[in-house]
$ cat target-v5.cif   # mmCIF, C-alpha atoms
data_data
loop_
_atom_site.label_atom_id
_atom_site.label_comp_id
_atom_site.auth_asym_id
_atom_site.auth_seq_id
_atom_site.Cartn_x
_atom_site.Cartn_y
_atom_site.Cartn_z
CA MET A 417 361.30 -3.87 73.80
CA VAL A 418 364.36 -4.29 75.95
CA PRO A 419 362.97 -2.65 79.07
CA ILE A 420 359.89 -4.90 78.97
CA LEU A 421 362.03 -8.01 78.69
CA TRP A 422 364.09 -6.82 81.60
CA TYR A 423 360.96 -6.19 83.59
CA THR A 424 359.55 -9.70 83.10
CA HIS A 425 362.89 -11.18 84.01
CA TYR A 426 362.97 -9.05 87.11
CA ARG A 427 359.50 -10.19 88.09
CA SER A 428 360.30 -13.86 87.72
CA SER A 429 363.47 -13.61 89.77
CA LEU A 430 361.48 -11.84 92.49
CA ASN A 431 358.98 -14.70 92.44
CA TYR A 432 361.81 -17.16 92.76
CA PHE A 433 363.17 -15.29 95.73
CA TYR A 434 359.72 -15.19 97.28
CA ILE A 435 359.31 -18.97 96.94
CA MET A 436 362.76 -19.56 98.40
CA SER A 437 361.99 -17.39 101.41
CA GLU A 438 358.78 -19.36 101.93
CA THR A 439 360.47 -22.75 102.00
CA LYS A 440 363.57 -21.83 103.98
CA THR A 441 362.61 -20.18 107.26
CA ASP A 442 365.02 -18.40 109.53
CA PRO A 443 364.55 -18.47 113.31
CA THR A 444 362.64 -15.19 113.54
CA ASN A 445 360.34 -16.19 110.66
CA PHE A 446 359.70 -19.45 112.41
CA LEU A 447 358.93 -17.74 115.70
CA SER A 448 356.59 -15.26 114.01
CA SER A 449 354.72 -18.22 112.52
CA VAL A 450 353.93 -19.48 116.03
CA ILE A 451 352.53 -16.18 117.33
CA GLY A 452 349.65 -16.90 119.68
CA SER A 453 350.94 -20.17 121.08
CA THR A 454 352.38 -20.63 124.54
CA ILE A 455 356.16 -20.55 124.73
CA VAL A 456 358.85 -20.64 127.39
CA VAL A 457 361.74 -18.21 127.11
CA LYS A 458 364.83 -18.97 129.15
CA LEU A 459 367.23 -16.15 129.87
CA HIS A 460 370.98 -16.24 130.44
CA ASN A 461 370.44 -15.71 134.16
CA GLY A 462 368.42 -18.95 134.36
CA VAL A 463 365.03 -17.33 134.85
CA GLU A 464 362.23 -18.65 132.65
CA TYR A 465 359.14 -16.88 131.35
CA LYS A 466 356.12 -18.78 130.12
CA GLY A 467 353.37 -17.02 128.21
CA ASP A 468 351.50 -16.58 124.96
CA LEU A 469 353.73 -15.11 122.25
CA GLN A 470 352.25 -11.83 121.11
CA SER A 471 354.99 -10.43 118.89
CA ILE A 472 358.65 -10.72 118.00
CA ASP A 473 361.14 -8.64 116.01
CA GLY A 474 364.55 -9.02 114.40
CA TYR A 475 366.41 -8.40 117.66
CA MET A 476 364.40 -11.28 119.16
CA ASN A 477 362.72 -8.86 121.50
CA VAL A 478 359.49 -10.62 122.45
CA VAL A 479 356.20 -9.70 124.03
CA LEU A 480 354.43 -12.37 126.06
CA ARG A 481 350.84 -12.10 127.20
CA SER A 482 349.80 -13.44 130.64
CA ALA A 483 353.37 -14.41 131.41
CA LYS A 484 354.62 -16.17 134.50
CA GLU A 485 358.14 -15.94 135.83
CA TYR A 486 359.83 -19.11 137.08
CA VAL A 487 362.97 -18.95 139.20
CA GLU A 488 364.43 -22.42 139.78
CA ASP A 489 361.14 -24.02 138.67
CA PHE A 490 359.09 -22.06 141.22
CA GLU A 491 356.57 -19.56 140.00
CA SER A 492 357.68 -16.26 141.43
CA LYS A 493 355.73 -13.56 139.64
CA SER A 494 353.10 -13.03 136.97
CA PHE A 495 352.67 -10.25 134.45
CA GLY A 496 349.77 -9.25 132.23
CA ASP A 497 352.03 -8.23 129.37
CA VAL A 498 355.78 -8.41 129.37
CA PHE A 499 358.42 -7.15 126.97
CA ILE A 500 361.69 -9.12 127.10
CA ARG A 501 364.73 -7.50 125.52
CA GLY A 502 366.23 -9.84 122.93
CA ASN A 503 369.81 -9.92 124.16
CA ASN A 504 368.81 -11.67 127.40
CA GLY A 505 367.25 -14.68 125.71
CA MET A 506 369.04 -18.02 125.67
CA TYR A 507 366.41 -20.22 124.08
CA THR A 508 362.69 -20.59 123.40
CA ILE A 509 360.61 -23.74 123.87
CA LEU A 510 357.22 -24.28 122.28
CA MET B 609 353.33 -9.05 97.71
CA SER B 610 351.12 -10.45 100.45
CA SER B 611 354.14 -10.99 102.68
CA VAL B 612 354.91 -7.27 102.54
CA GLN B 613 351.40 -6.41 103.70
CA THR B 614 351.46 -8.77 106.66
CA ALA B 615 354.84 -7.38 107.69
CA ALA B 616 353.35 -3.88 107.75
CA GLN B 617 350.33 -4.96 109.79
CA GLN B 618 352.34 -6.93 112.30
CA GLU B 619 352.89 -5.34 115.69
CA GLU B 620 356.44 -5.07 116.89
CA PRO B 621 357.43 -5.73 120.49
CA LEU B 622 358.41 -2.08 120.98
CA ASP B 623 354.79 -1.13 120.25
CA LEU B 624 353.86 -2.54 123.65
CA ILE B 625 356.20 0.02 125.19
CA ARG B 626 354.71 2.83 123.14
CA TYR B 627 351.32 2.11 124.69
CA GLN B 628 352.91 2.56 128.12
CA LEU B 629 354.11 6.13 127.55
CA ASP B 630 353.04 8.31 130.48
CA GLU B 631 352.00 5.20 132.43
CA MET B 632 353.64 3.41 135.34
CA VAL B 633 355.96 0.61 134.27
CA PHE B 634 357.96 -2.07 136.02
CA VAL B 635 361.48 -2.58 134.67
CA LYS B 636 363.74 -5.45 135.64
CA LEU B 637 367.43 -4.65 135.32
CA ARG B 638 370.71 -6.51 135.44
CA GLY B 639 372.43 -6.74 138.79
CA ALA B 640 369.29 -7.70 140.79
CA ARG B 641 367.70 -4.31 140.39
CA GLU B 642 364.14 -3.36 139.66
CA MET B 643 362.65 -0.01 138.89
CA LYS B 644 359.16 1.39 138.88
CA GLY B 645 358.33 4.70 137.36
CA LYS B 646 356.31 6.73 134.92
CA LEU B 647 357.60 6.20 131.37
CA GLN B 648 358.51 9.52 129.78
CA GLY B 649 360.35 8.25 126.72
CA TYR B 650 362.30 5.40 125.17
CA ASP B 651 364.15 4.48 122.00
CA SER B 652 364.95 1.36 119.97
CA HIS B 653 367.82 0.43 122.33
CA CYS B 654 365.31 0.49 125.20
CA ASN B 655 367.11 3.47 126.69
CA MET B 656 364.40 5.05 128.76
CA VAL B 657 363.55 7.99 130.94
CA LEU B 658 361.38 7.38 133.99
CA SER B 659 359.95 10.02 136.29
CA ASP B 660 359.03 9.56 139.97
CA ALA B 661 361.09 6.39 139.87
CA THR B 662 361.68 3.97 142.72
CA GLU B 663 364.66 1.64 142.42
CA PHE B 664 364.85 -1.61 144.40
CA ILE B 665 368.30 -3.13 144.83
CA TYR B 666 368.18 -6.70 146.12
CA GLY B 667 370.93 -8.20 148.24
CA ASP B 668 371.85 -11.85 148.73
CA ARG B 669 368.97 -12.43 151.13
CA LYS B 670 365.46 -11.48 150.18
CA GLU B 671 365.15 -9.21 153.21
CA ASP B 672 367.90 -6.76 152.32
CA VAL B 673 366.37 -4.45 149.80
CA LYS B 674 367.72 -0.96 149.22
CA VAL B 675 365.20 1.52 147.95
CA LYS B 676 366.23 4.64 146.06
CA GLU B 677 363.85 7.28 144.86
CA SER B 678 364.58 9.70 142.07
CA GLU B 679 362.53 12.38 140.42
CA MET B 680 363.84 11.69 136.92
CA VAL B 681 366.18 8.93 135.80
CA PHE B 682 367.72 7.77 132.52
CA VAL B 683 368.17 4.00 132.19
CA ARG B 684 370.60 2.71 129.58
CA GLY B 685 368.97 0.09 127.36
CA ASP B 686 371.64 -2.60 127.64
CA SER B 687 370.96 -3.12 131.35
CA ILE B 688 367.26 -3.80 130.79
CA ILE B 689 365.95 -7.37 131.05
CA LEU B 690 362.22 -6.84 130.86
CA ILE B 691 359.53 -4.20 130.87
CA SER B 692 355.98 -4.68 132.04
CA PRO B 693 353.07 -2.33 132.59
CA ILE B 694 351.91 -2.04 136.20
CA GLU B 695 348.28 -3.01 136.47
CA GLU B 696 346.21 -1.08 138.98
#
$ encode --input "target-v5.cif" --output "structure tokens"
Amino acid sequence: MVPILWYTHYRSSLNYFYIMSETKTDPTNFLSSVIGSTIVVKLHNGVEYKGDLQSIDGYMNVVLRSAKEYVEDFESKSFGDVFIRGNNGMYTIL
Amino acid sequence: MSSVQTAAQQEEPLDLIRYQLDEMVFVKLRGAREMKGKLQGYDSHCNMVLSDATEFIYGDRKEDVKVKESEMVFVRGDSIILISPIEE
């Protein structure tokens, strides 16, 4: 009897945790919910990349599809796919 | 339960790099350097090994570019800014 009780309790606390994680989103969860939309990523060196967000991970590494590079607001380069290492990112604009 | 499944299906950014194994890639590095080469291997830190690599070192003016060629080169992940496949 006891193990079954424990099990149901365990299940309900898991559900609670699941609901909590649905309502409170952390930055990476939020960014993964906007996969597919166009974003701008600004790096510490001032360069910006604008493209469609394809994927993101916990390090905030991102992959942008059809990305364009902007140096001082001028388009300088374009990439089909680009992987940006997370540590270089300063912020992301939708 | 459903959240676990979507997490498993989701592609990670490093998967893009996996598709580029044995292909030519463009890598932008810190210190105004760029590198092109054939991707031989990489890890989760973005450490990577490139073969037949060409390194471009940019000076203050756009004209002064130093070009270095190397047969095989190891690039430490922390100096990497971005990686992109070279389309031909």
$ atom_distance --input "target-v5.cif" --atom1 "CA of Arg641 (chain B)" --atom2 "CA of Arg626 (chain B)"
22.7 Å
$ atom_distance --input "target-v5.cif" --atom1 "CA of Ser659 (chain B)" --atom2 "CA of Glu631 (chain B)"
10.1 Å
$ residues_around --input "target-v5.cif" --residues "Glu642 (chain B)" --least-positions-apart "4" --cutoff "9 Å" --atoms "all atoms listed in the file" --output "number ranges by chain"
B: 634-638, 662-666
$ closest_atom_pairs --input "target-v5.cif" --of "chain B" --to "chain A" --cutoff "10 Å" --atoms "all atoms listed in the file" --output "CSV"
residue,atom,partner,partner_atom,distance
B:Met609,CA,A:Tyr434,CA,8.9
B:Ser611,CA,A:Tyr434,CA,8.8
B:Gln618,CA,A:Ser471,CA,7.9
B:Glu619,CA,A:Ser471,CA,6.4
B:Glu620,CA,A:Ser471,CA,5.9
B:Pro621,CA,A:Val479,CA,5.5
B:Leu622,CA,A:Phe499,CA,7.8
B:Asp623,CA,A:Ser471,CA,9.4
B:Leu624,CA,A:Phe499,CA,7.3
B:Ile625,CA,A:Phe499,CA,7.7
B:Phe634,CA,A:Val498,CA,9.4
B:Val635,CA,A:Phe499,CA,9.5
B:Lys636,CA,A:Ile500,CA,9.5
B:Arg638,CA,A:Asn461,CA,9.3
B:His653,CA,A:Arg501,CA,9.1
B:Cys654,CA,A:Arg501,CA,8.0
B:Gly685,CA,A:Arg501,CA,8.9
B:Asp686,CA,A:Asn503,CA,8.3
B:Ser687,CA,A:Arg501,CA,9.6
B:Ile688,CA,A:Arg501,CA,6.9
B:Ile689,CA,A:Arg501,CA,5.7
B:Leu690,CA,A:Ile500,CA,4.4
B:Ile691,CA,A:Phe499,CA,5.0
B:Ser692,CA,A:Val498,CA,4.6
B:Pro693,CA,A:Asp497,CA,6.8
B:Ile694,CA,A:Phe495,CA,8.4
B:Glu695,CA,A:Gly496,CA,7.7
$ resolve_selection --input "target-v5.cif" --expression "the PyMOL selection byres ((chain A and resi 483-494) around 6)" --output "PyMOL selection string"
chain A and resi 463-467+480-482+495
$ atom_distance --input "target-v5.cif" --atom1 "CA of Gln648 (chain B)" --atom2 "CA of Lys674 (chain B)"
23.9 Å
$ closest_residue --input "target-v5.cif" --among "B:Glu671, B:Glu679, B:Asp651, B:Asp660" --to "Asp630 (chain B)" --atoms "all atoms listed in the file"
B:Asp660
$ resolve_selection --input "target-v5.cif" --expression "the PyMOL selection byres ((chain B and resi 683) around 7)" --output "PDB file with C-alpha atoms, in the coordinates of the input"
ATOM      1  CA  ASN B 655     367.110   3.470 126.690  1.00  0.00           C
ATOM      2  CA  MET B 656     364.400   5.050 128.760  1.00  0.00           C
ATOM      3  CA  VAL B 657     363.550   7.990 130.940  1.00  0.00           C
ATOM      4  CA  VAL B 681     366.180   8.930 135.800  1.00  0.00           C
ATOM      5  CA  PHE B 682     367.720   7.770 132.520  1.00  0.00           C
ATOM      6  CA  ARG B 684     370.600   2.710 129.580  1.00  0.00           C
ATOM      7  CA  GLY B 685     368.970   0.090 127.360  1.00  0.00           C
TER       8      GLY B 685
END
$ closest_residue --input "target-v5.cif" --among "A:Val456, A:Phe446, A:Ile451, A:Leu469" --to "Leu510 (chain A)" --atoms "all atoms listed in the file"
A:Val456
